[in-house]
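**Q** What follows is a structure written as structure tokens; I'll ask about it next.
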Amino acid sequence: MRTNLIVLLSLGLLFGLTGCAPKAVSQSDLDTPEYHFRLGVRSMNNGDYETALTAFQRAVDLDRKFARGWSGLGLTKAYLGNSAEGKDDVDKGISLASKDEVVWIFRGRFWTVSRDRRNWLEKAEDDFRRALSLDPGNEAAEYYLGEAYFYSLNFQGAEAQFAKVVSLKGELAGKADEMWSLSQKIVRARPGTEAGRQIAIKPEITRADLAVLFAEELKLAEIFERLAPPSGQPAFQPPSAMTTADQRTVPADVAGQWAEPWIMEVLDLGVFEVDPSGNFFPSQTVMRVDYAMAIQRILITATRDASLETRYFGESPSRFGDVPSSHFAYNAMALCAERGIMQADLMSGRFDPAGKVTGADALLIIREIQSSLRITF
């Protein structure tokens with residue numbers, strides 16, 4: 001009986017000790033909450049979220065009341081897709097140091113990153129303004145308020161906010177200048193649909209995204225209808241679009257995919273093709289050469305000029321520093337350059353066929369296609 005009692009008491013002591021982890025002990029003069037916080041911020045801003053998570057966790061392990069550490073931990077969890085836990089952590093940072101502008105900035109960033117609540121923008125604005133009330137002119141608060149506007153698709157508001165940060169000439173001025181230019185580009189591109197605005201902020205687009213842009217922003221079906229031959233004349237098909245395959249056959253990798261209706265529309269219009277196995281590859285990243293080939297098909301069909309398909313092959317010298325005139329897509333690239341739709345780099349003369357297409361650039365190119373066809377909506 002006495003032995004059983006001792007075992008039970010020992011187990012109770014063991015569970016008590018393991019249920020409450022001991023406070024971490026600093027092992028060096030550099031092993032401080034502040035040092036780990038700075039490491040966490042640098043890693044997080046560079047996209048190294050795992051290192052940031054470890055650094056912020058170490059900061060709060062060393063000091064359970066270190067507010068900035070909790071805020072950084074919560075924001076990093078949002079970047080990693082764990083907004084539920086992250087919300088508790090950023091709130092804890094606020095509760096521990098409500099007079100510290102940094103914890104308000106981090107929670108404002110949390111709302112922007114997670115964007116999982118209907119009124120997330122209002123919450124972000126409130127937090128950034130609270131930070132600015134504590135530290136007027138705080139560069140980080142002004143910059144990340146701009147990001148909040150950008151990701152809420154308020155591009156004009158973002159443009160103005162980033163311009164303000166550039167004028168402050170601080171550490172974030174260069175980053176703000178890039179975002180200012182991007183916001184201006186999107187404003188010039190005039191996305192007219194919700195889909196266009198969502199795709200505009202993407203650093204690269206997929207074939208599914210481009211199908212949606214062609215259908216919604218370019219209004220491709222309407223363009224082809226406007227430029228259709230007079231009644232009684234057969235509809236024009238460029239040689240590359242002629243096929244005996246059933247155009248209504250849904251590719252296996254498109255069936256049930258979110259963009260299926262738009263993909264099928266552009267396939268029916270002959271702007272895109274499937275590969276020999278019958279797949280469309282909707283998630284594949286669009287390169288500049290892919291975009292040029294699609295534009296060539298659009299221009300040939302819209303103008304009913306089959307000669308556009310081979311007009312520029314064999315040019316000597318090549319008009320591009322990185323593409324010979326024998327390249328399979330040279331004609332498409334030259335056609336786009338000739339019409340001012342897609343240009344080579346002004347300094348190097350390179351077309352960069354393997355370069356990625358951003359959402360903003362994709363929209364600007366669409367406006368150039370409309371201009372080339374003298375189409376307005």
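In the structure tokens, chains take the letters A, B, ... in the order shown, each chain's residues start at 1, and ligands count up from 1 in the order shown.
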What lies within 6 Å of Asn279 of chain A using only C-alpha atoms, ignoring chain neighbours under 5 positions off, as a list in words?
**A**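 Here the answer would be Pro251, Asp253 and Val274 of chain A.
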**Q** Could you write out the selected residues, including C-alpha atoms, as a CSV table (one decimal), in the first residue's frame?
**A**
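Result file follows (part_30.csv):
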```csv
chain,number,residue,atom,x,y,z
A,251,PRO,CA,-9.7,18.3,-71.1
A,253,ASP,CA,-7.3,18.3,-66.1
A,274,VAL,CA,-4.4,21.4,-75.5
```
**Q** I want to know what sits within 9 Å of segment 56-73 of chain A, based on only C-alpha atoms, with residues of the same chain fewer than 5 positions away left out; could you give that as a ChimeraX atom specification?
**A** /A:23-26,31-41,44,51,78,86,88-97,100,102-104,106-107,110
**Q** Considering only helix (DSSP H, G or I) as DSSP defines it on the backbone, what residues of segment 21-56 of chain A qualify? List them as a ChimeraX atom specification.
**A** /A:33-45,49-56
**Q** Provide the atom CA of Ser316 of chain A to atom CA of Ile341 of chain A distance in Å, to one decimal place.
**A** 21.7 Å
**Q** Give the answer as one residue: which of A:Glu204, A:Glu178, A:Glu139, A:Glu85 has the shortest atom-to-atom distance to Ala360 of chain A, using only C-alpha atoms?
**A**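 Checking each of A:Glu204, A:Glu178, A:Glu139, A:Glu85 against Ala360 of chain A, counting only C-alpha atoms, the winner is A:Glu204.
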**Q** Determine, counting only C-alpha atoms, which protein, DNA and RNA residues have an atom within 8 Å of an atom of Ala163 of chain A; residues of the same chain fewer than 3 positions away are not included. Present the result as a list in words.
**A**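 Near Ala163 of chain A, the qualifying residues are Glu159, Ala160, Val166, Ser167, Ala176, Asp177 and Trp180 of chain A.
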**Q** Since we have the selection now, will you write its residues out, keeping N, CA and C atoms, as an mmCIF file, in the first residue's frame?
**A**
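Once everything was written out, this is again_15.cif:
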```cif
data_model
loop_
_atom_site.group_PDB
_atom_site.id
_atom_site.type_symbol
_atom_site.label_atom_id
_atom_site.label_comp_id
_atom_site.auth_asym_id
_atom_site.auth_seq_id
_atom_site.Cartn_x
_atom_site.Cartn_y
_atom_site.Cartn_z
ATOM 1 N N GLU A 159 -1.609 53.593 -54.035
ATOM 2 C CA GLU A 159 -0.691 54.468 -54.767
ATOM 3 C C GLU A 159 -0.362 55.714 -53.951
ATOM 4 N N ALA A 160 -1.388 56.333 -53.387
ATOM 5 C CA ALA A 160 -1.178 57.541 -52.592
ATOM 6 C C ALA A 160 -0.380 57.247 -51.325
ATOM 7 N N VAL A 166 7.494 57.006 -49.782
ATOM 8 C CA VAL A 166 8.673 57.382 -50.571
ATOM 9 C C VAL A 166 9.160 58.759 -50.149
ATOM 10 N N SER A 167 8.222 59.668 -49.906
ATOM 11 C CA SER A 167 8.599 61.035 -49.522
ATOM 12 C C SER A 167 9.266 61.090 -48.151
ATOM 13 N N ALA A 176 8.715 50.813 -50.971
ATOM 14 C CA ALA A 176 7.502 51.579 -51.258
ATOM 15 C C ALA A 176 7.488 52.061 -52.701
ATOM 16 N N ASP A 177 8.658 52.428 -53.215
ATOM 17 C CA ASP A 177 8.741 52.898 -54.597
ATOM 18 C C ASP A 177 8.335 51.790 -55.574
ATOM 19 N N TRP A 180 4.630 51.407 -55.265
ATOM 20 C CA TRP A 180 4.006 52.585 -55.870
ATOM 21 C C TRP A 180 3.927 52.410 -57.384
#
```
**Q** Counting only C-alpha atoms, which residues of segment 139-247 of chain A sit at most 7 Å from some atom of segment 113-131 of chain A, and what is each one's closest atom pair with its distance in Å to one decimal, listed by chain and rising residue number, as a tab-separated table?
**A**
```
residue	atom	partner	partner_atom	distance
A:Ala141	CA	A:Phe128	CA	5.4
A:Leu145	CA	A:Phe128	CA	6.4
A:Ala148	CA	A:Leu121	CA	6.6
A:Ser152	CA	A:Leu121	CA	7.0
```
**Q** Please produce a file of the residues just selected, as a PDB file, in the first residue's frame, where the atoms kept are C-alpha atoms.
**A**
```
ATOM      1  CA  ALA A 141       2.763  52.007 -40.132  1.00  0.00           C
ATOM      2  CA  LEU A 145      -1.260  50.682 -44.429  1.00  0.00           C
ATOM      3  CA  ALA A 148      -3.522  46.868 -46.710  1.00  0.00           C
ATOM      4  CA  SER A 152      -7.963  45.092 -50.548  1.00  0.00           C
TER       5      SER A 152
END
```
**Q** Compile the contact shell of Ala292 of chain A as number ranges by chain: residues with an atom at most 7 Å away, counting only C-alpha atoms, same-chain residues fewer than 4 positions apart removed.
**A** A: 288, 296, 332-333, 336
**Q** Those residues with N, CA and C atoms, as a PDB file, in the first residue's frame please?
**A**
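Done, and the output landed in out13.pdb:
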```pdb
ATOM      1  N   ARG A 288       6.285  34.623 -71.181  1.00  0.00           N
ATOM      2  CA  ARG A 288       6.057  35.640 -72.210  1.00  0.00           C
ATOM      3  C   ARG A 288       5.858  35.021 -73.593  1.00  0.00           C
ATOM      4  N   GLN A 296      -0.950  36.085 -80.967  1.00  0.00           N
ATOM      5  CA  GLN A 296      -0.897  35.859 -82.415  1.00  0.00           C
ATOM      6  C   GLN A 296      -2.201  35.216 -82.901  1.00  0.00           C
ATOM      7  N   ALA A 332       5.444  35.129 -83.577  1.00  0.00           N
ATOM      8  CA  ALA A 332       4.495  35.669 -82.600  1.00  0.00           C
ATOM      9  C   ALA A 332       5.118  36.808 -81.809  1.00  0.00           C
ATOM     10  N   MET A 333       6.368  36.639 -81.391  1.00  0.00           N
ATOM     11  CA  MET A 333       7.043  37.680 -80.626  1.00  0.00           C
ATOM     12  C   MET A 333       7.254  38.937 -81.481  1.00  0.00           C
ATOM     13  N   CYS A 336       3.926  40.794 -81.962  1.00  0.00           N
ATOM     14  CA  CYS A 336       3.566  41.572 -80.768  1.00  0.00           C
ATOM     15  C   CYS A 336       4.411  42.834 -80.647  1.00  0.00           C
TER      16      CYS A 336
END
```
**Q** Which is closest to Leu213 of chain A among A:Leu227, A:Val266, A:Ala302, A:Leu308, if we use only C-alpha atoms?
**A**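 Closest to Leu213 of chain A of all the choices is A:Val266.
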**Q** Tell me which protein, DNA and RNA residues are within 12 Å of Arg207 of chain A, counting only C-alpha atoms, leaving out same-chain ones fewer than 4 positions away, and put them as a PyMOL selection string.
**A** chain A and resi 199+211-214+254+259-260+262-263+266-267+271-274+279-288+290-291+294+356-357+359+362
**Q** Go ahead and write the selection's residues with C-alpha atoms as a JSON list (two decimals), in the first residue's frame.
**A**
```json
[["chain", "number", "residue", "atom", "x", "y", "z"],
["A", 199, "ILE", "CA", -5.31, 38.67, -60.86],
["A", 211, "ALA", "CA", -8.18, 32.31, -69.80],
["A", 212, "VAL", "CA", -10.25, 34.31, -67.31],
["A", 213, "LEU", "CA", -8.57, 37.58, -68.34],
["A", 214, "PHE", "CA", -9.20, 36.90, -72.04],
["A", 254, "VAL", "CA", -9.96, 21.02, -66.63],
["A", 259, "ALA", "CA", -11.90, 28.09, -64.24],
["A", 260, "GLU", "CA", -13.50, 25.42, -66.45],
["A", 262, "TRP", "CA", -13.56, 30.34, -69.06],
["A", 263, "ILE", "CA", -11.03, 27.78, -70.24],
["A", 266, "VAL", "CA", -11.07, 30.33, -74.99],
["A", 267, "LEU", "CA", -10.51, 26.78, -76.27],
["A", 271, "VAL", "CA", -6.91, 31.01, -78.62],
["A", 272, "PHE", "CA", -5.43, 28.18, -76.57],
["A", 273, "GLU", "CA", -4.61, 24.60, -77.47],
["A", 274, "VAL", "CA", -4.39, 21.37, -75.50],
["A", 279, "ASN", "CA", -4.45, 18.22, -71.23],
["A", 280, "PHE", "CA", -4.65, 22.00, -70.79],
["A", 281, "PHE", "CA", -2.41, 22.41, -67.70],
["A", 282, "PRO", "CA", -4.46, 25.17, -66.03],
["A", 283, "SER", "CA", -1.98, 25.62, -63.16],
["A", 284, "GLN", "CA", 1.04, 26.05, -65.41],
["A", 285, "THR", "CA", 2.79, 29.43, -65.15],
["A", 286, "VAL", "CA", 2.42, 31.63, -68.23],
["A", 287, "MET", "CA", 5.68, 32.72, -69.83],
["A", 288, "ARG", "CA", 6.06, 35.64, -72.21],
["A", 290, "ASP", "CA", 3.07, 31.63, -74.23],
["A", 291, "TYR", "CA", 1.35, 35.00, -74.07],
["A", 294, "ALA", "CA", -1.94, 33.38, -77.72],
["A", 356, "LYS", "CA", 7.10, 35.24, -66.21],
["A", 357, "VAL", "CA", 4.11, 37.53, -66.78],
["A", 359, "GLY", "CA", -0.92, 40.06, -63.33],
["A", 362, "ALA", "CA", -1.05, 40.80, -68.31]]
```
**Q** Taking 2 positions as the minimum chain separation for residues in the same chain, which residues sit within 12 Å of Ala344 of chain A when counting only C-alpha atoms? Answer as a list of chain:residue names.
**A** A:Arg288, A:Val289, A:Ala292, A:Ser318, A:Arg319, A:Phe320, A:Gly321, A:Asp322, A:Val323, A:Met333, A:Ala334, A:Leu335, A:Cys336, A:Ala337, A:Glu338, A:Gly340, A:Ile341, A:Met342, A:Leu346, A:Met347, A:Ser348, A:Gly349, A:Arg350, A:Phe351, A:Asp352, A:Pro353, A:Gly355
**Q** With distances taken over only C-alpha atoms, which of A:Arg374, A:Arg367, A:Lys202, A:Arg42 is nearest to Leu182 of chain A?
**A**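 Ranked by minimum distance to Leu182 of chain A, first place goes to A:Lys202.
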**Q** Provide the atom CA of Arg188 of chain A to atom CA of Thr303 of chain A distance in Å, to one decimal place.
**A**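 Going from atom CA of Arg188 of chain A over to atom CA of Thr303 of chain A covers 26.2 Å.
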**Q** One number please: atom CA of Arg304 of chain A to atom CA of Ala208 of chain A, in Å, one decimal.
**A**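 Calculated distance between atom CA of Arg304 of chain A and atom CA of Ala208 of chain A is 26.1 Å.
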